[in-house]
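What follows is a single structure, written as structure tokens, with notes after it.
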Amino acid sequence: VKYKGRPIMNRASLVEMAVPYGDPSAPFTRKCAFDVGDYGLGYCANSLELGCDCLGHIHYFDVCMADEFGNPSVKKKAICMHEEDTGILFKHVEYRNGHNESRRSRELVISSIATVVNYEYLFYWRFKLDGSIEFEIKLSGELSTNLTSSGEDPNDPSHGVLVAPGVNAQTHQHMFCCRLDMSIDGEKNTVSEVDIVPEDSTYGNAFGPVETVLKKEQDAVRLYDANKARSWKISNAEGKLNSITKKPTAYKLVPFTRGAAGPTVLTHETSSVSKKGAFAQAHLWVTPFDEKERYPAGE
């Protein structure tokens with residue numbers, strides 16, 4: 001992926017999903033779907049249709065995959081590419097003379113949809129005019145339901161929501177694991193954590209960013225902190241500088257841009273779910289590139 005000819009990343013991918021259910025009643029203690037590893041999103045991808053799945057001027061991509069026997073199999077229109085008008089890109093009215101400047105924003109959207117048993121997962125990679133990139137995931141389909149467990153109040157399940165008489169939609173999470181192989185202006189990059197924190201000052205009004213370089217893998221297992229507006233910065237380490245700030249060129253990784261911050265996996269660390277889905281115990285894991293390490297959620 002490049003912006004105006006300058007490299008940003010070599011590869012961005014969704015590599016695993018874990019869906020742990022929080023009902024301690026048998027047999028649900030081990031209920032946790034790993035929708036990529038167990039099912040394969042490619043096998044579950046929809047053939048998209050114009051007019052509902054995608055609107056506007058569309059370019060579709062067919063996808064060739066290996067079937068269960070290792071033979072090539074083509075899925076028609078598995079990926080959709082189109083542009084969207086997304087409102088105002090920037091606007092300003094000069095109050096001194098009333099001069100108005102406004103520009104519309106358009107995004108290049110690459111999308112796919114997968115049906116995994118009861119759920120639909122809708123994936124959207126959004127490439128924007130200002131150079132920013134957003135990965136959006138929408139959930140649709142149907143809830144995974146079951147009868148209320150023995151000993152539960154059939155009208156008030158203890159670990160879910162009653163959606164019909166005697167039918168429980170269990171409390172659960174959706175944990176996504178993405179892999180970003182970054183290449184900001186070159187292959188040598190540095191990752192740092194940026195917190196916005198208060199500073200000591202005469203009038204008590206000072207605050208600003210504090211940047212901490214993540215130097216070791218052990219120190220680079222990180223949690224998001226909304227109280228510090230925490231983000232992570234991927235900077236060029238080959239001497240490429242911003243022409244204004246004279247600091248290394250960089251991109252910022254900003255989590256939870258479309259809703260409240262989500263917790264890490266809520267199952268206990270000793271549970272089989274937490275052990276198998278260890279990636280979900282932190283929001284960010286930073287490691288040096290290794291061609292053999294392509295599956296951060298585990299082999």
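Here's how to read the names in the structure tokens: chain A, B, ... by the order shown, residue numbers from 1 in each chain, ligand numbers from 1 in the order shown.
Residues surrounding A:Ile110 within 6 Å are Cys80, Met81, Tyr124 and Trp125 of chain A [only C-alpha atoms; sequence separation below 5 positions excluded].
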Can you tell me which residues surround A:Glu101 at a distance of at most 9 Å, considering only C-alpha atoms, apart from same-chain residues fewer than 2 positions away, and format the answer as a ChimeraX atom specification?
/A:90-94,99,103
List the neighbours of A:Thr190 out to 7 Å using only C-alpha atoms; skip same-chain residues closer than 5 positions along the sequence, and give me the result as a ChimeraX atom specification.
/A:234-237
Show which residues sit within 10 Å of stretch 137-152 of chain A, as an MDAnalysis selection string. Count only C-alpha atoms, and ignore same-chain residues fewer than 6 positions away.
chainID A and resid 21 23:28 111 113 115:125 158:172 174 176 258
Assign secondary structure with DSSP using the backbone only, and return the residues of stretch 39-193 of chain A in helix (DSSP H, G or I) as a PyMOL selection string.
chain A and resi 39+41-44
For the residues selected in the previous step, produce a file with N, CA and C atoms as a compact mmCIF listing (two decimals), in the first residue's frame.
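What follows is the written file selection28.txt:
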```txt
# COMPACT_ATOMS: atom_id res chain seq x y z
N TYR A 39 -13.05 -22.40 10.39
CA TYR A 39 -13.94 -22.45 9.23
C TYR A 39 -13.26 -21.98 7.94
N LEU A 41 -12.36 -18.04 6.35
CA LEU A 41 -13.22 -16.98 5.84
C LEU A 41 -13.34 -17.03 4.32
N GLY A 42 -12.28 -17.49 3.66
CA GLY A 42 -12.35 -17.60 2.20
C GLY A 42 -13.43 -18.57 1.76
N TYR A 43 -13.49 -19.73 2.41
CA TYR A 43 -14.53 -20.71 2.08
C TYR A 43 -15.93 -20.16 2.37
N CYS A 44 -16.00 -19.27 3.36
CA CYS A 44 -17.30 -18.74 3.80
C CYS A 44 -17.68 -17.44 3.11
```
Extract the full set of strand (DSSP E) residues from stretch 114-238 of chain A according to DSSP on the backbone, and format it as a VMD selection string.
chain A and resid 114 to 116 119 to 128 133 to 141 145 to 147 160 to 164 167 to 170 175 to 182 189 to 198 207 to 213 221 to 222 231 to 236
What lies within 12 Å of A:Thr86 using only C-alpha atoms, ignoring chain neighbours under 3 positions off, as a PyMOL selection string?
chain A and resi 83+89-90+103-109+126-129
Could you tell me how far atom CA of A:Val19 lies from atom CA of A:Ala33, in Å and to one decimal?
5.1 Å
For A:Glu193, the closest of A:Leu241, A:Pro157, A:Pro248, A:Trp285 counting only C-alpha atoms is A:Trp285
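For the set A:Gly204, A:Gly22, A:Ala12, A:Asp185, the residue with the smallest atom-to-atom gap to A:His268 is A:Gly22, counting only C-alpha atoms.
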Using only C-alpha atoms, the shortest atom-to-atom distance to A:Val221 among A:Val194, A:Val286, A:Ala114, A:Val254 belongs to A:Val286
Can you pull out every residue within 8 Å of A:Val210, counting only C-alpha atoms, but drop anything in the same chain fewer than 2 positions away, and send it as a list in words?
Val194, Asp195, Ile196, Val197, Gly208 and Thr212 of chain A
Written file, previous selection with N, CA and C atoms, as a short mmCIF file (atom, residue, chain, number, x, y, z; two decimals), in the first residue's frame:
```cif
data_model
loop_
_atom_site.label_atom_id
_atom_site.label_comp_id
_atom_site.auth_asym_id
_atom_site.auth_seq_id
_atom_site.Cartn_x
_atom_site.Cartn_y
_atom_site.Cartn_z
N VAL A 194 2.30 6.48 22.48
CA VAL A 194 2.11 7.91 22.75
C VAL A 194 0.92 8.08 23.69
N ASP A 195 1.16 8.68 24.86
CA ASP A 195 0.12 9.00 25.83
C ASP A 195 0.01 10.52 25.97
N ILE A 196 -1.21 11.00 26.13
CA ILE A 196 -1.44 12.41 26.44
C ILE A 196 -1.64 12.52 27.95
N VAL A 197 -0.73 13.21 28.63
CA VAL A 197 -0.74 13.24 30.09
C VAL A 197 -0.58 14.68 30.58
N GLY A 208 0.32 17.26 27.51
CA GLY A 208 0.88 17.00 26.18
C GLY A 208 1.29 15.57 26.01
N THR A 212 7.04 6.84 24.18
CA THR A 212 7.93 5.79 24.69
C THR A 212 8.20 4.78 23.58
#
```
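Using only C-alpha atoms, the smallest distance between any of A:Lys77, A:Leu14, A:Glu217, A:Gly70 and A:Asn46 comes from A:Lys77.
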